[in-house]
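Remarks on the structure that follows.
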Amino acid sequence: MLRGTGRQAGPAGGGDSEDVVSHSLWTAALVAYVRCFSIGTRRGGLTEQDLKQTGLRGEVLEWHQMLRRMRDHLTASSANPRERFVIGAAQDVDGRANGIAIVSTPLPGVEELAVRQTGRLALELTTLVEARMGERQRAVFESARGMSVRLLNSLPEVRLDPPS
């Protein structure tokens with residue numbers, strides 16, 4: 001948990017607002033992180049092989065895979081990512097159902113260590129992406145440099161100033 005009392009917001013909206021903010025930011029960060037690996041290699045997306053190039057020691061691939069599973073859990077429409085519910089039947093002495101029990105268990109919040117480790121991994125991957133972007137920019141420039149003025153002028157114009 002980054003901050004807060006450790007309480008989780010339940011269906012009635014209770015709980016600490018800092019926990020809700022931490023949970024929301026963590027979910028958004030995981031969605032953005034995993035999206036970088038979903039683009040595909042043909043379009044320049046990251047791959048699990050890139051994790052080896054970060055130079056980070058430890059179980060980097062395992063951490064990455066855990067982040068993907070966590071993102072899946074947090075974004076699944078069939079699960080409450082903040083609480084787990086169990087419903088059971090209570091039985092009388094003869095074994096017949098005589099009631100039900102509903103138990104809610106809050107799930108742990110975001111831990112600072114998880115945020116720090118994921119941030120470090122993202123920082124190292126950013127270095128790889130920046131290097132690739134530089135390579136691609138140089139290749140595009142060399143290609144453009146080899147074009148005639150006529151061919152350059154026939155390309156679609158890209159406006160760099162913001163729309164008014």
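Labels used: A, B, ... for chains in the order of the structure tokens, numbers from 1 for residues in each chain, and numbers from 1 for ligands as shown.
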### Query
Counting only C-alpha atoms, what is within 8 Å of stretch 116-133 of chain A, bar same-chain residues fewer than 5 positions away, as a ChimeraX atom specification?
/A:33,50-51,53-54,56
### Picked from stretch 59-107 of chain A by DSSP as strand (DSSP E or B), as a ChimeraX atom specification
/A:83-91,97-106
Write out the residues from the selection above, keeping all heavy atoms, as a short mmCIF file (atom, residue, chain, number, x, y, z; two decimals), in the first residue's frame.
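Generated file (selection.cif):
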```
data_model
loop_
_atom_site.label_atom_id
_atom_site.label_comp_id
_atom_site.auth_asym_id
_atom_site.auth_seq_id
_atom_site.Cartn_x
_atom_site.Cartn_y
_atom_site.Cartn_z
N GLU A 83 -11.88 -6.74 -3.61
CA GLU A 83 -12.44 -7.61 -2.58
C GLU A 83 -12.75 -8.98 -3.17
O GLU A 83 -12.99 -9.11 -4.36
CB GLU A 83 -13.75 -7.03 -2.02
CG GLU A 83 -13.56 -5.83 -1.13
CD GLU A 83 -14.88 -5.40 -0.50
OE1 GLU A 83 -15.66 -4.77 -1.20
OE2 GLU A 83 -15.07 -5.72 0.68
N ARG A 84 -12.75 -9.97 -2.31
CA ARG A 84 -13.13 -11.33 -2.70
C ARG A 84 -14.34 -11.72 -1.85
O ARG A 84 -14.34 -11.51 -0.64
CB ARG A 84 -11.98 -12.30 -2.48
CG ARG A 84 -12.32 -13.72 -2.88
CD ARG A 84 -11.09 -14.61 -2.95
NE ARG A 84 -10.28 -14.17 -4.06
CZ ARG A 84 -8.96 -13.94 -3.97
NH1 ARG A 84 -8.33 -14.12 -2.85
NH2 ARG A 84 -8.27 -13.54 -5.03
N PHE A 85 -15.36 -12.28 -2.49
CA PHE A 85 -16.56 -12.68 -1.80
C PHE A 85 -16.72 -14.19 -1.89
O PHE A 85 -16.45 -14.79 -2.93
CB PHE A 85 -17.80 -12.03 -2.43
CG PHE A 85 -17.81 -10.54 -2.28
CD1 PHE A 85 -17.25 -9.72 -3.25
CD2 PHE A 85 -18.37 -9.95 -1.17
CE1 PHE A 85 -17.27 -8.35 -3.13
CE2 PHE A 85 -18.39 -8.57 -1.03
CZ PHE A 85 -17.84 -7.77 -2.00
N VAL A 86 -17.17 -14.80 -0.79
CA VAL A 86 -17.47 -16.22 -0.75
C VAL A 86 -18.87 -16.35 -0.16
O VAL A 86 -19.19 -15.72 0.85
CB VAL A 86 -16.44 -16.99 0.11
CG1 VAL A 86 -16.81 -18.46 0.20
CG2 VAL A 86 -15.05 -16.83 -0.45
N ILE A 87 -19.69 -17.16 -0.81
CA ILE A 87 -21.04 -17.41 -0.33
C ILE A 87 -21.15 -18.90 -0.03
O ILE A 87 -20.75 -19.74 -0.84
CB ILE A 87 -22.10 -17.01 -1.38
CG1 ILE A 87 -21.95 -15.53 -1.71
CG2 ILE A 87 -23.51 -17.33 -0.87
CD1 ILE A 87 -22.83 -15.08 -2.85
N GLY A 88 -21.65 -19.23 1.14
CA GLY A 88 -21.79 -20.62 1.53
C GLY A 88 -23.12 -20.87 2.20
O GLY A 88 -23.82 -19.95 2.62
N ALA A 89 -23.49 -22.13 2.28
CA ALA A 89 -24.74 -22.53 2.94
C ALA A 89 -24.42 -23.04 4.34
O ALA A 89 -23.47 -23.79 4.53
CB ALA A 89 -25.43 -23.62 2.13
N ALA A 90 -25.20 -22.58 5.30
CA ALA A 90 -25.10 -23.09 6.67
C ALA A 90 -26.05 -24.29 6.78
O ALA A 90 -27.14 -24.28 6.21
CB ALA A 90 -25.48 -22.00 7.66
N GLN A 91 -25.61 -25.31 7.51
CA GLN A 91 -26.41 -26.53 7.63
C GLN A 91 -26.83 -26.75 9.08
O GLN A 91 -26.07 -26.44 10.00
CB GLN A 91 -25.62 -27.73 7.14
CG GLN A 91 -25.27 -27.67 5.67
CD GLN A 91 -24.36 -28.82 5.27
OE1 GLN A 91 -23.23 -28.90 5.71
NE2 GLN A 91 -24.90 -29.72 4.43
N ALA A 97 -29.88 -27.33 4.63
CA ALA A 97 -29.53 -25.92 4.61
C ALA A 97 -30.50 -25.14 5.49
O ALA A 97 -31.71 -25.32 5.39
CB ALA A 97 -29.58 -25.39 3.18
N ASN A 98 -29.94 -24.28 6.35
CA ASN A 98 -30.81 -23.47 7.19
C ASN A 98 -30.42 -21.99 7.13
O ASN A 98 -30.89 -21.18 7.92
CB ASN A 98 -30.83 -23.97 8.63
CG ASN A 98 -29.50 -23.80 9.32
OD1 ASN A 98 -28.53 -23.39 8.71
ND2 ASN A 98 -29.45 -24.13 10.60
N GLY A 99 -29.57 -21.63 6.18
CA GLY A 99 -29.18 -20.23 6.02
C GLY A 99 -27.99 -20.12 5.08
O GLY A 99 -27.45 -21.13 4.60
N ILE A 100 -27.62 -18.89 4.80
CA ILE A 100 -26.43 -18.66 3.98
C ILE A 100 -25.50 -17.72 4.72
O ILE A 100 -25.91 -16.96 5.60
CB ILE A 100 -26.78 -18.08 2.59
CG1 ILE A 100 -27.47 -16.72 2.74
CG2 ILE A 100 -27.61 -19.03 1.77
CD1 ILE A 100 -27.52 -15.94 1.44
N ALA A 101 -24.26 -17.76 4.33
CA ALA A 101 -23.25 -16.86 4.89
C ALA A 101 -22.50 -16.21 3.72
O ALA A 101 -22.13 -16.89 2.77
CB ALA A 101 -22.27 -17.63 5.78
N ILE A 102 -22.33 -14.91 3.79
CA ILE A 102 -21.58 -14.17 2.78
C ILE A 102 -20.39 -13.54 3.49
O ILE A 102 -20.55 -12.78 4.45
CB ILE A 102 -22.44 -13.07 2.11
CG1 ILE A 102 -23.68 -13.70 1.47
CG2 ILE A 102 -21.62 -12.31 1.08
CD1 ILE A 102 -24.68 -12.70 0.96
N VAL A 103 -19.20 -13.86 3.00
CA VAL A 103 -17.98 -13.36 3.62
C VAL A 103 -17.23 -12.52 2.59
O VAL A 103 -17.02 -12.95 1.46
CB VAL A 103 -17.07 -14.53 4.09
CG1 VAL A 103 -15.80 -14.00 4.72
CG2 VAL A 103 -17.82 -15.42 5.06
N SER A 104 -16.85 -11.33 2.99
CA SER A 104 -16.08 -10.42 2.13
C SER A 104 -14.69 -10.26 2.72
O SER A 104 -14.54 -9.98 3.90
CB SER A 104 -16.79 -9.06 2.07
OG SER A 104 -15.95 -8.10 1.49
N THR A 105 -13.69 -10.44 1.88
CA THR A 105 -12.30 -10.27 2.32
C THR A 105 -11.63 -9.22 1.45
O THR A 105 -11.53 -9.40 0.24
CB THR A 105 -11.52 -11.60 2.18
OG1 THR A 105 -12.23 -12.63 2.84
CG2 THR A 105 -10.11 -11.47 2.72
N PRO A 106 -11.17 -8.12 2.06
CA PRO A 106 -10.47 -7.12 1.24
C PRO A 106 -9.13 -7.68 0.76
O PRO A 106 -8.44 -8.40 1.49
CB PRO A 106 -10.25 -5.95 2.19
CG PRO A 106 -10.76 -6.36 3.52
CD PRO A 106 -11.30 -7.74 3.44
#
```
### Query
as number ranges by chain, which residues of chain A does DSSP assign to alpha helix (DSSP H)?
A: 17-38, 48-52, 60-75, 112-145, 149-154
### Task
Name the residues in contact with stretch 70-75 of chain A at a cut-off of 8 Å, using only C-alpha atoms, excluding same-chain residues fewer than 5 positions from it; report them as a ChimeraX atom specification.
/A:27,30-31,34,80-81
Taking C-alpha atoms for each residue, export the selection above as a compact mmCIF listing (two decimals), in the first residue's frame.
```
# COMPACT_ATOMS: atom_id res chain seq x y z
CA THR A 27 -4.23 -0.11 -12.53
CA LEU A 30 -0.23 -1.69 -15.41
CA VAL A 31 -2.56 -1.22 -18.39
CA VAL A 34 1.31 -4.20 -20.75
CA ASN A 80 -13.86 -7.34 -8.07
CA PRO A 81 -10.16 -6.45 -7.94
```
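Distance-wise, atom CA of A:Val110 and atom CA of A:Leu67 end up 12.3 Å apart.
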### Message
Using only C-alpha atoms for the distances, tell me which of A:Pro108, A:Pro163, A:Gly95, A:Gly146 is nearest to A:Arg82.
### Response
A:Pro108
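Atom pair atom CA of A:Ala139 / atom CA of A:Leu160 has a distance of 20.6 Å (rounded to one decimal).
Atom CA of A:Glu48 lies 20.9 Å from atom CA of A:Gly134.
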